[in-house]
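Notes for the one structure printed next.
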Amino acid sequence: MRKLVIQAIAMIATTFAGAASADDWRLNVGLGYGERTNPLVHADDIPVVLDVDIAWFGERFFFDNGDLGLTLVNNEAISASVVGRAASDRVFFSKFDTPYISIRGANALPDDTGTASEEVTRPPDRDYAVEVGIEVMTDIAAGTLTTAAYHDAGGTHDGWQMLAEYDTGLRIGRWYFASAAGLTYNSSSRNDYFWGVSSTEATSDLPAYEAHGGLNAHVTLGASYHFTRQLSMAASFSYERLSNGINGSPLVDTNGVVGYFGGLVYRF
Amino acid sequence: MKRRTTLTIALLLMGTFSHAEKRASLQAKPSLCIVDRRVESCDMEIDLRWHADRSSRYCLIRQGRPLQCWSSTREGGYKDTMSVSRRIRYDLTDTNRGDAIQASATIEVLRISSKDRRQSRRSRHVWDLL
């Protein structure tokens with residue numbers, strides 16, 4: 001039995017070692033400054049100083065910055081994979097961790113002691129959701145079309161998300177320009193979990209809210225200048241327009257999320 | 001203090017000797033070709049310039065293949081037009097010194113995206129901005 005286990009481990013190790021080459025790995029480290037704006041009220045934007053891009057792609061499996069994939073098809077025409085990931089919307093709420101105190105003002109009714117009452121609005125608590133879905137990529141004209149559908153796999157929000165995105169790139173000498181645009185549909189359950197306000201969370205300052213499903217639209221632009229094969233200077237900008245179901249929430253005070261980054265990138 | 005001075009002198013001497021050994025230089029411009037999954041080569045006109053400390057018969061070699069030779073001269077230039085899809089090495093040899101390589105230059109290839117389509121997946125995490 002022990003011999004069998006050792007043989008199995010050796011076989012798996014040989015398979016991975018045989019399949020792995022330098023081209024399968026990707027490690028890029030970006031050092032600079034950037035921010036992702038936080039659509040939540042009373043919340044800080046998310047600063048990014050270090051942007052690490054780490055990925056490994058095997059014939060059947062891949063790891064891509066936290067996403068895990070099982071590839072079903074990968075040929076000249078199409079790439080299709082089952083992908084598991086953690087929905088990172090939770091990060092916005094980690095910047096929303098300071099309770100804010102509302103002193104009820106002139107319109108407030110005095111309490112039993114005859115003074116204006118004080119109410120603490122607690123920041124809503126949200127978890128990372130593990131989502132599993134199918135992702136299909138195909139080449140169209142000079143770019144790649146990615147379509148994907150994910151469903152909550154851990155019972156966090158019981159919702160789903162669908163997305164379609166087209167991306168393309170252009171090189172001019174040592175410059176490389178990349179752009180992408182896409183649409184994401186979030187189901188009512190998903191939107192309501194992250195952006196809704198339940199009756200238990202509601203206060204006089206934070207009314208209960210049910211977030212409906214809706215379509216977000218996004219665009220991303222990036223430019224990089226390559227000094228050498230390893231070192232480049234890069235800048236990126238992204239904007240995501242939030243659906244009415246999200247920006248109508250009393251938790252949200254903006255209708256879009258902006259992201260930008262500028263710095264040096266080293267490719268290992 | 002003494003140890004530090006000794007180390008500084010040693011470094012200075014090493015720098016002097018390494019400079020003395022360098023008898024020629026070869027420069028290639030441009031020296032970088034960027035390719036992606038769709039465009040896998042660069043059509044380049046490479047400007048090669050070389051200088052040497054002393055006159056001799058020098059030859060410019062690309063990947064082991066002679067491109068041009070110059071006699072009794074200390075500098076020269078050559079324009080190489082080619083489609084680049086992998087690393088290219090140029091050598092300057094001195095035929096009067098047994099074809100010894102005097103200087104080298106390379107054209108590096110940077111692959112922005114792999115042939116594997118999956119590697120161009122775009123990260124959608126909040127903290128990924130590049």
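Letters A, B, ... mark the chains of the structure tokens in the order given; residue numbers begin at 1 per chain; ligand numbers begin at 1, in order shown.
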Which chain A residues have any atom within 7 Å of an atom of chain B, and for each, what is the nearest pair of atoms with distance in Å to one decimal, counting only C-alpha atoms, rows sorted by chain and number, as a tab-separated table?
residue	atom	partner	partner_atom	distance
A:Val48	CA	B:Trp127	CA	6.8
A:Asp51	CA	B:Asp128	CA	6.4
A:Ser79	CA	B:Arg118	CA	6.7
A:Ser88	CA	B:His125	CA	5.5
A:Asp89	CA	B:Val126	CA	6.8
A:Arg174	CA	B:Ile34	CA	6.8
A:Arg229	CA	B:Leu110	CA	5.4
A:Ser236	CA	B:Leu130	CA	5.9
A:Gly259	CA	B:Leu129	CA	6.5
A:Tyr260	CA	B:Leu129	CA	6.4
A:Phe261	CA	B:Leu129	CA	6.1
Please identify the alpha helix (DSSP H) residues within stretch 155-210 of chain A (assignment by DSSP from backbone atoms) and present them as an NGL selection string.
:A and (188-195)
Going by DSSP on the backbone, which residues of chain B come out as strand (DSSP E)? List them as a PyMOL selection string.
chain B and resi 24-29+32-35+42-62+65-84+88-94+100-111
Could you name the residues that touch A:Glu131 at 9 Å or less, counting only C-alpha atoms, but leaving out those on the same chain fewer than 3 positions away, as an MDAnalysis selection string?
chainID A and resid 83:87 150:154 160
Residues at most 7 Å from B:Leu60, counting only C-alpha atoms, excluding those fewer than 5 positions away in the same chain, as a PyMOL selection string?
chain B and resi 66-69+90-93
Counting only C-alpha atoms, what is within 10 Å of B:Asp80, bar same-chain residues fewer than 5 positions away, as a ChimeraX atom specification?
/B:28,44-48,62,67
Please, could you write that set of residues out with N, CA and C atoms as a JSON list (two decimals), in the first residue's frame?
[["chain", "number", "residue", "atom", "x", "y", "z"],
["B", 28, "ALA", "N", 23.77, 47.47, -31.28],
["B", 28, "ALA", "CA", 22.67, 47.17, -32.20],
["B", 28, "ALA", "C", 21.46, 48.00, -31.79],
["B", 44, "MET", "N", 12.47, 44.10, -38.73],
["B", 44, "MET", "CA", 13.38, 45.12, -38.18],
["B", 44, "MET", "C", 14.50, 45.46, -39.15],
["B", 45, "GLU", "N", 14.87, 46.75, -39.12],
["B", 45, "GLU", "CA", 16.10, 47.18, -39.80],
["B", 45, "GLU", "C", 17.07, 47.52, -38.67],
["B", 46, "ILE", "N", 18.01, 46.63, -38.45],
["B", 46, "ILE", "CA", 18.91, 46.76, -37.30],
["B", 46, "ILE", "C", 20.18, 47.49, -37.71],
["B", 47, "ASP", "N", 20.43, 48.58, -37.00],
["B", 47, "ASP", "CA", 21.61, 49.40, -37.27],
["B", 47, "ASP", "C", 22.73, 48.93, -36.35],
["B", 48, "LEU", "N", 23.78, 48.35, -36.95],
["B", 48, "LEU", "CA", 24.90, 47.83, -36.16],
["B", 48, "LEU", "C", 26.12, 48.73, -36.33],
["B", 62, "ARG", "N", 26.40, 37.01, -37.70],
["B", 62, "ARG", "CA", 25.07, 36.86, -37.08],
["B", 62, "ARG", "C", 24.78, 35.38, -36.90],
["B", 67, "LEU", "N", 28.39, 38.28, -42.03],
["B", 67, "LEU", "CA", 27.58, 39.26, -42.77],
["B", 67, "LEU", "C", 28.48, 40.16, -43.61]]
For A:Ala77, which residue out of A:Ala211, A:Asn38, A:Ala202, A:Asp139 is the nearest one, using only C-alpha atoms?
A:Asp139
Surrounding residues of B:Arg49 excluding itself and chain neighbours under 6 positions, 7 Å, only C-alpha atoms, as a ChimeraX atom specification:
/B:26-28,76-78
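Using only C-alpha atoms, the contacts of A:Arg36 at a cut-off of 7 Å, with sequence neighbours closer than 4 positions omitted, comprise A:Asp45, A:Ile46, A:Pro47, A:Val257, A:Val258, A:Gly259, A:Tyr260.
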Find, counting only C-alpha atoms, the residue in B:Ile101, B:Glu40, B:Thr106, B:Thr95 that gets nearest to B:Arg57.
B:Thr95
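Our summary of the geometry notes that atom CA of A:Leu264 is positioned 26.2 Å from atom CA of A:Thr144.
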Separating atom CA of A:Ala80 from atom CA of A:Phe237, to the nearest tenth of an Å, is a gap of 28.0 Å
Measuring atom to atom with only C-alpha atoms, identify which of A:Ala164, A:Val130, A:Val82, A:Val265 is nearest to A:Leu27.
A:Val265
